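Okay, coords.txt now, which holds compact mmCIF, C-alpha atoms and all ligand atoms:
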# COMPACT_ATOMS: atom_id res chain seq x y z
CA MET A 169 -11.90 -7.26 -20.61
CA GLN A 170 -15.62 -7.21 -19.78
CA PRO A 171 -17.26 -3.79 -19.75
CA PHE A 172 -18.20 -2.93 -16.18
CA ILE A 173 -19.80 0.46 -16.68
CA GLN A 174 -21.16 1.37 -20.06
CA PHE A 175 -22.50 4.66 -21.37
CA GLU A 176 -24.46 4.17 -24.59
CA SER A 177 -25.43 7.19 -26.70
CA VAL A 178 -25.72 9.33 -23.57
CA SER A 179 -26.66 12.98 -24.09
CA LYS A 180 -27.27 15.56 -21.42
CA SER A 181 -28.72 19.05 -21.82
CA PHE A 182 -29.50 21.73 -19.28
CA GLY A 183 -32.35 23.64 -20.91
CA SER A 184 -31.07 24.55 -24.35
CA LEU A 185 -27.42 23.95 -23.40
CA ALA A 186 -26.21 20.59 -24.78
CA VAL A 187 -23.37 19.52 -22.46
CA ILE A 188 -22.83 15.87 -23.41
CA ASP A 189 -23.47 14.74 -26.94
CA SER A 190 -24.15 11.07 -27.68
CA LEU A 191 -21.37 9.67 -25.52
CA ASP A 192 -20.25 6.04 -25.69
CA LEU A 193 -17.85 5.16 -22.89
CA THR A 194 -16.74 1.86 -21.37
CA ILE A 195 -15.14 1.59 -17.94
CA HIS A 196 -13.48 -1.69 -16.92
CA LYS A 197 -13.61 -3.36 -13.54
CA GLY A 198 -10.63 -2.44 -11.38
CA GLU A 199 -9.32 0.32 -13.61
CA PHE A 200 -8.32 3.84 -12.69
CA LEU A 201 -9.92 5.99 -15.39
CA SER A 202 -9.35 9.74 -15.47
CA LEU A 203 -11.72 12.12 -17.20
CA LEU A 204 -9.38 14.91 -18.28
CA GLY A 205 -10.31 18.12 -20.03
CA PRO A 206 -10.62 21.87 -19.69
CA SER A 207 -13.14 23.47 -17.38
CA GLY A 208 -16.66 23.27 -18.80
CA SER A 209 -16.00 20.22 -21.01
CA GLY A 210 -18.60 18.11 -19.19
CA LYS A 211 -16.48 15.95 -16.86
CA THR A 212 -18.45 16.67 -13.69
CA THR A 213 -21.71 16.12 -15.53
CA ILE A 214 -20.54 12.58 -16.41
CA LEU A 215 -19.74 11.92 -12.75
CA MET A 216 -23.10 13.34 -11.64
CA MET A 217 -24.89 10.99 -14.01
CA LEU A 218 -22.88 8.06 -12.62
CA ALA A 219 -23.60 9.06 -9.03
CA GLY A 220 -27.28 9.61 -9.75
CA PHE A 221 -27.48 13.34 -9.02
CA GLU A 222 -28.28 13.98 -12.70
CA ARG A 223 -30.08 11.85 -15.26
CA PRO A 224 -29.25 11.58 -18.95
CA THR A 225 -31.54 13.41 -21.36
CA ARG A 226 -31.08 10.45 -23.71
CA GLY A 227 -29.23 7.13 -23.70
CA THR A 228 -28.47 4.48 -21.08
CA ILE A 229 -25.87 3.75 -18.40
CA THR A 230 -25.36 0.16 -17.22
CA LEU A 231 -23.33 -1.29 -14.33
CA ASP A 232 -22.52 -4.99 -14.69
CA GLY A 233 -25.22 -5.26 -17.33
CA MET A 234 -27.92 -3.63 -15.22
CA ARG A 235 -29.41 -0.26 -16.10
CA ILE A 236 -28.67 2.30 -13.40
CA ASP A 237 -29.41 5.65 -15.07
CA GLN A 238 -32.84 6.00 -13.47
CA LEU A 239 -31.88 4.69 -10.01
CA PRO A 240 -31.63 7.08 -7.06
CA PRO A 241 -28.07 7.69 -5.76
CA HIS A 242 -28.33 5.40 -2.71
CA ARG A 243 -29.19 2.39 -4.88
CA ARG A 244 -26.09 2.70 -7.07
CA GLU A 245 -23.40 1.61 -4.58
CA MET A 246 -20.99 4.36 -5.61
CA GLY A 247 -18.62 6.11 -3.21
CA VAL A 248 -18.27 9.81 -3.90
CA VAL A 249 -15.35 12.13 -3.05
CA PHE A 250 -15.82 15.69 -4.23
CA GLN A 251 -13.55 18.63 -3.52
CA ASN A 252 -16.37 20.48 -1.82
CA TYR A 253 -18.06 17.49 -0.31
CA ALA A 254 -17.22 18.63 3.18
CA LEU A 255 -16.98 16.58 6.32
CA PHE A 256 -19.56 17.25 9.04
CA PRO A 257 -17.77 19.76 11.30
CA HIS A 258 -19.66 18.85 14.48
CA MET A 259 -18.85 15.14 14.21
CA THR A 260 -15.61 13.34 15.03
CA VAL A 261 -13.60 11.53 12.37
CA ALA A 262 -15.10 8.19 13.43
CA GLU A 263 -18.64 9.61 13.36
CA ASN A 264 -18.09 11.08 9.91
CA VAL A 265 -16.91 7.72 8.60
CA ALA A 266 -19.76 5.89 10.33
CA PHE A 267 -22.39 8.14 8.76
CA PRO A 268 -22.98 6.21 5.49
CA LEU A 269 -23.25 2.97 7.48
CA GLU A 270 -25.82 4.48 9.81
CA MET A 271 -27.80 5.56 6.77
CA LYS A 272 -27.78 1.89 5.80
CA ARG A 273 -29.04 0.97 9.29
CA LEU A 274 -26.32 -1.58 10.00
CA PRO A 275 -26.11 -2.95 13.56
CA ARG A 276 -24.03 -0.79 15.91
CA HIS A 277 -21.25 -3.34 16.57
CA GLU A 278 -20.83 -3.93 12.85
CA ILE A 279 -20.55 -0.19 12.21
CA ALA A 280 -17.87 0.12 14.90
CA ARG A 281 -15.89 -2.77 13.43
CA LYS A 282 -16.06 -1.45 9.86
CA VAL A 283 -15.12 2.10 10.89
CA GLU A 284 -12.15 0.82 12.88
CA ARG A 285 -10.92 -1.29 10.00
CA ALA A 286 -11.38 1.49 7.41
CA LEU A 287 -9.52 4.05 9.54
CA ASP A 288 -6.64 1.64 10.15
CA MET A 289 -6.43 1.00 6.43
CA VAL A 290 -5.68 4.67 5.73
CA ARG A 291 -3.60 5.01 8.90
CA LEU A 292 -6.00 7.42 10.61
CA GLY A 293 -6.94 5.24 13.57
CA HIS A 294 -5.08 7.48 16.02
CA LEU A 295 -7.14 10.51 14.94
CA LYS A 296 -10.58 8.97 15.22
CA ASN A 297 -11.80 11.19 18.06
CA ARG A 298 -10.72 14.47 16.48
CA ARG A 299 -13.01 16.89 14.71
CA PRO A 300 -12.32 17.94 11.10
CA SER A 301 -11.10 21.41 12.17
CA GLN A 302 -8.31 19.70 14.13
CA LEU A 303 -6.95 17.95 11.02
CA SER A 304 -4.70 19.07 8.18
CA GLY A 305 -6.11 19.40 4.65
CA GLY A 306 -4.58 16.10 3.62
CA GLN A 307 -5.94 14.31 6.67
CA GLN A 308 -9.42 15.72 5.99
CA GLN A 309 -9.20 14.46 2.44
CA ARG A 310 -8.22 11.01 3.71
CA VAL A 311 -11.24 11.01 6.02
CA ALA A 312 -13.48 11.94 3.05
CA LEU A 313 -11.92 9.08 1.09
CA THR A 314 -12.45 6.67 3.97
CA ARG A 315 -16.09 7.74 4.25
CA ALA A 316 -16.47 6.88 0.56
CA LEU A 317 -14.74 3.50 0.98
CA VAL A 318 -16.34 2.30 4.17
CA PHE A 319 -19.49 0.83 2.70
CA GLU A 320 -17.47 -1.10 0.13
CA PRO A 321 -18.85 0.63 -2.95
CA ARG A 322 -18.53 -0.99 -6.35
CA VAL A 323 -17.09 2.20 -7.82
CA ILE A 324 -15.38 5.30 -6.39
CA LEU A 325 -16.10 8.64 -8.06
CA MET A 326 -13.69 11.51 -7.42
CA ASP A 327 -14.11 15.04 -8.67
CA GLU A 328 -10.92 17.11 -8.35
CA PRO A 329 -10.43 15.62 -4.87
CA LEU A 330 -6.96 17.16 -4.48
CA GLY A 331 -7.74 20.56 -5.99
CA ALA A 332 -7.62 22.41 -2.68
CA LEU A 333 -4.30 20.98 -1.49
CA ASP A 334 -0.84 22.48 -1.86
CA LYS A 335 1.59 20.89 -4.31
CA GLN A 336 3.51 18.71 -1.88
CA LEU A 337 0.42 17.31 -0.19
CA ARG A 338 -1.20 16.83 -3.53
CA GLU A 339 1.65 14.66 -4.76
CA HIS A 340 1.63 12.68 -1.55
CA MET A 341 -2.14 12.08 -1.83
CA GLN A 342 -1.78 11.08 -5.48
CA LEU A 343 0.56 8.28 -4.40
CA GLU A 344 -1.70 7.30 -1.56
CA ILE A 345 -4.81 7.05 -3.74
CA ARG A 346 -2.86 5.06 -6.35
CA GLU A 347 -1.68 2.69 -3.64
CA LEU A 348 -5.21 2.20 -2.26
CA HIS A 349 -6.50 1.61 -5.76
CA LYS A 350 -3.98 -1.17 -6.32
CA ARG A 351 -4.26 -2.72 -2.89
CA LEU A 352 -8.07 -2.86 -2.83
CA GLY A 353 -8.63 -3.46 -6.54
CA LEU A 354 -10.98 -0.47 -6.72
CA THR A 355 -12.65 0.86 -9.82
CA ILE A 356 -12.03 4.60 -9.77
CA VAL A 357 -13.37 7.34 -12.04
CA PHE A 358 -11.32 10.45 -11.39
CA VAL A 359 -12.14 13.91 -12.75
CA THR A 360 -9.28 16.37 -13.20
CA HIS A 361 -8.25 19.26 -15.41
CA ASP A 362 -4.61 18.69 -14.48
CA GLN A 363 -2.71 16.90 -17.25
CA SER A 364 0.22 15.73 -15.11
CA GLU A 365 -2.12 14.41 -12.42
CA ALA A 366 -4.00 12.32 -14.99
CA LEU A 367 -0.78 11.14 -16.63
CA THR A 368 0.80 9.94 -13.38
CA MET A 369 -2.26 8.35 -11.77
CA SER A 370 -4.36 6.65 -14.45
CA ASP A 371 -4.57 3.29 -16.15
CA ARG A 372 -6.48 5.07 -18.92
CA ILE A 373 -7.37 8.68 -19.66
CA ALA A 374 -10.44 9.93 -21.51
CA VAL A 375 -9.66 13.39 -22.89
CA PHE A 376 -12.80 15.53 -23.08
CA ASN A 377 -13.44 18.50 -25.29
CA ALA A 378 -16.85 20.20 -25.35
CA GLY A 379 -18.80 17.14 -24.20
CA LYS A 380 -17.07 14.64 -26.43
CA VAL A 381 -14.25 12.16 -25.89
CA GLU A 382 -11.36 13.13 -28.16
CA GLN A 383 -9.26 10.10 -27.22
CA ILE A 384 -9.31 7.34 -24.62
CA ASP A 385 -6.02 5.55 -24.11
CA SER A 386 -3.20 4.72 -21.73
CA PRO A 387 -1.25 7.74 -20.42
CA HIS A 388 1.66 6.59 -22.51
CA ALA A 389 -0.37 6.56 -25.74
CA ILE A 390 -2.06 9.88 -24.94
CA TYR A 391 1.33 11.48 -24.36
CA ASP A 392 3.25 9.88 -27.21
CA THR A 393 0.60 9.53 -29.91
CA PRO A 394 -2.16 12.10 -29.45
CA ARG A 395 -4.77 11.40 -32.10
CA THR A 396 -6.19 14.90 -32.50
CA ARG A 397 -4.79 18.38 -32.55
CA PHE A 398 -6.83 19.18 -29.43
CA VAL A 399 -5.26 16.31 -27.44
CA ALA A 400 -1.76 17.27 -28.61
CA GLN A 401 -2.28 20.88 -27.58
CA PHE A 402 -4.01 20.15 -24.29
CA ILE A 403 -1.40 17.59 -23.19
CA GLY A 404 1.34 19.92 -24.43
CA GLU A 405 0.21 22.49 -21.85
CA THR A 406 1.48 20.25 -19.04
CA ASN A 407 3.31 22.45 -16.59
P1 LIG A 501 -16.33 20.31 -16.17
O1 LIG A 501 -16.51 19.35 -15.04
O2 LIG A 501 -15.58 19.71 -17.32
O3 LIG A 501 -15.74 21.62 -15.75
P2 LIG A 501 -19.22 20.52 -16.12
O4 LIG A 501 -19.74 19.15 -16.37
O5 LIG A 501 -19.19 21.01 -14.72
O6 LIG A 501 -17.77 20.64 -16.78
O7 LIG A 501 -20.04 21.58 -16.97
C1 LIG A 501 -20.24 21.46 -18.36
C2 LIG A 501 -21.20 22.58 -18.79
O8 LIG A 501 -22.49 22.32 -18.23
C3 LIG A 501 -20.79 23.96 -18.31
O9 LIG A 501 -21.09 24.86 -19.35
C4 LIG A 501 -21.69 24.18 -17.12
O10 LIG A 501 -21.95 25.55 -16.94
C5 LIG A 501 -22.95 23.42 -17.52
N1 LIG A 501 -23.71 22.92 -16.34
C6 LIG A 501 -23.28 21.97 -15.48
N2 LIG A 501 -24.22 21.70 -14.55
C7 LIG A 501 -25.28 22.51 -14.83
C8 LIG A 501 -26.57 22.71 -14.23
N3 LIG A 501 -26.95 22.01 -13.16
N4 LIG A 501 -27.39 23.62 -14.81
C9 LIG A 501 -27.01 24.29 -15.91
N5 LIG A 501 -25.80 24.16 -16.52
C10 LIG A 501 -24.95 23.28 -15.99

Translate the structure of the given file into C-alpha cells.
Amino acid sequence: MQPFIQFESVSKSFGSLAVIDSLDLTIHKGEFLSLLGPSGSGKTTILMMLAGFERPTRGTITLDGMRIDQLPPHRREMGVVFQNYALFPHMTVAENVAFPLEMKRLPRHEIARKVERALDMVRLGHLKNRRPSQLSGGQQQRVALTRALVFEPRVILMDEPLGALDKQLREHMQLEIRELHKRLGLTIVFVTHDQSEALTMSDRIAVFNAGKVEQIDSPHAIYDTPRTRFVAQFIGETN
C-alpha cells in the first residue's frame, strides 16, 4: 500500500518538555488507524500536528507526497471531531453543518444541497431545524461528525469523540462511525485511551507510550502477540 500520510523523524517539545520523540509513522489511504495509549502519551499532540494547530519542532509530515507541516489548518483539508469541539448553540443543525462551507464561500444553492445530502447520509435530515440543546448527546455527536464530513475532507481526525457519551450510546456510535468509514472509504485517525474501543473499531492500532510508538499492528496482532511488556500490560487492562 502507498503511504498516504507520513511522519518522518517528527519531534515536538513544549518548552523543555519533549512530548514526541523522533516519530516515524505511516497512515494508509482509507484505513481506520487508532492512536491508543495512556493519558499524556502524546496522542492529541499528533492529531494537533496533523490538523495544523501545532507544528513539529523537528521533522516533516507529508500528505500524498506533499509537505503539510507548515500549512495553516484550513489548507490541509482535514475534518476534525473533538470531544470538546462544541456545536454553535445559537445555530440550527443545518446552520452548524453549513458553517465550514460558508467559510469556503461556496454558492448558497450548493451549500444547501451539500448540507441536505450530508444530513440524510447520517439520518439527521428530520432534525435539521433544531438547535443543539434540543438534541441528545449522540445526535449532537452525529452533527459534529457531519460538520466534519460535509466539505469532503481527505482525512478525518477524531479525538476521543465518544468520551462524553454513556456506554450504550457509545457502542452504538462506534458501530455508526465504523459503518460510515466503510461506506465512504474515509481515512480516519482516531485518538482513544480505551483499549476495547480501539480493538473493536480499527484496521490498525498504534500503541503509544511516552511519545513513542511501542507497536503498530492489526487489533488481532496487538491482542494476540504484543511485542513489548508495555503493550501486553496496557492491552491486558481492557475492562
Ligand atoms: P494524550 O493525548 O496522549 O493524553 P497529549 O498529547 O495531550 O497526550 O499530551 C502529551 C504531553 O504534552 C502532556 O504532558 C501534556 O501536558 C503536554 N502538552 C500538550 N499540549 C501542551 C501545550 N500546548 N503546552 C504545554 N504542554 C502541552

What residues have any atom no more than 10 Å from ligand LIG 501 (chain A) when counting all atoms listed in the file, and can you list them as a ChimeraX atom specification?
/A:180-188,203-217,221-222,327-328,359-361,376-379

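Ranking A:Leu287, A:Leu313, A:Ile390, A:Thr194 by their shortest atom-to-atom distance to His349 of chain A, with only C-alpha atoms included, puts A:Leu313 first.
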
Choose the residue, out of A:Leu255, A:Val248, A:Ile356, A:Val261, that has the smallest atom-to-atom separation from Phe172 of chain A; count all atoms listed in the file.
A:Ile356

Find the residues near Glu344 of chain A: any atom within 10 Å, counting all atoms listed in the file, skip ones fewer than 5 places away on the same chain, and give them as a short mmCIF file (atom, residue, chain, number, x, y, z; two decimals) with C-alpha atoms, in the frame of the given file.
data_model
loop_
_atom_site.label_atom_id
_atom_site.label_comp_id
_atom_site.auth_asym_id
_atom_site.auth_seq_id
_atom_site.Cartn_x
_atom_site.Cartn_y
_atom_site.Cartn_z
CA VAL A 290 -5.68 4.67 5.73
CA ARG A 310 -8.22 11.01 3.71
CA ARG A 338 -1.20 16.83 -3.53
CA GLU A 339 1.65 14.66 -4.76
CA HIS A 349 -6.50 1.61 -5.76
CA LYS A 350 -3.98 -1.17 -6.32
#

At a cut-off of 9 Å, can you tabulate as a tab-separated table every residue of segment 289-376 of chain A near segment 234-246 of chain A together with its closest atom pair and the distance in Å to one decimal, using only C-alpha atoms and ordering rows by chain then number?
residue	atom	partner	partner_atom	distance
A:Ala316	CA	A:Met246	CA	8.1
A:Phe319	CA	A:Glu245	CA	8.3
A:Glu320	CA	A:Glu245	CA	8.0
A:Pro321	CA	A:Glu245	CA	4.9
A:Arg322	CA	A:Glu245	CA	5.8
A:Val323	CA	A:Met246	CA	5.0
A:Ile324	CA	A:Met246	CA	5.7
A:Leu325	CA	A:Met246	CA	6.9

As a check of understanding: the span from atom CA of Arg346 of chain A to atom CA of Ala366 of chain A is 11.3 Å

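Ranking A:Glu263, A:Glu278, A:Asp371, A:Glu347 by their shortest atom-to-atom distance to His196 of chain A, with all atoms listed in the file included, puts A:Asp371 first.
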
Pairwise distance, atom CA of Arg299 of chain A with atom CA of Ala286 of chain A, equals 17.1 Å

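Of note, atom CA of Met259 of chain A and atom CA of Val283 of chain A are spaced 14.0 Å apart.
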
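Among the candidates A:Val249, A:Leu354, A:Ile373, A:Leu337, the residue lying nearest to Ala312 of chain A is A:Val249 (atoms considered: only C-alpha atoms).
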
Compile the contact shell of Met326 of chain A as a ChimeraX atom specification: residues with an atom at most 6 Å away, counting all atoms listed in the file, same-chain residues fewer than 3 positions apart removed.
/A:249-250,329,358

For a quick check of understanding, using only C-alpha atoms, which of A:Phe402, A:Thr314, A:Glu284, A:Ser301 has the smallest distance to Pro268 of chain A?
A:Thr314

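Restricting the calculation to all atoms listed in the file, the smallest distance between Leu218 of chain A and any of A:Phe175, A:Pro300, A:Pro257, A:Asp189 is found for A:Phe175.
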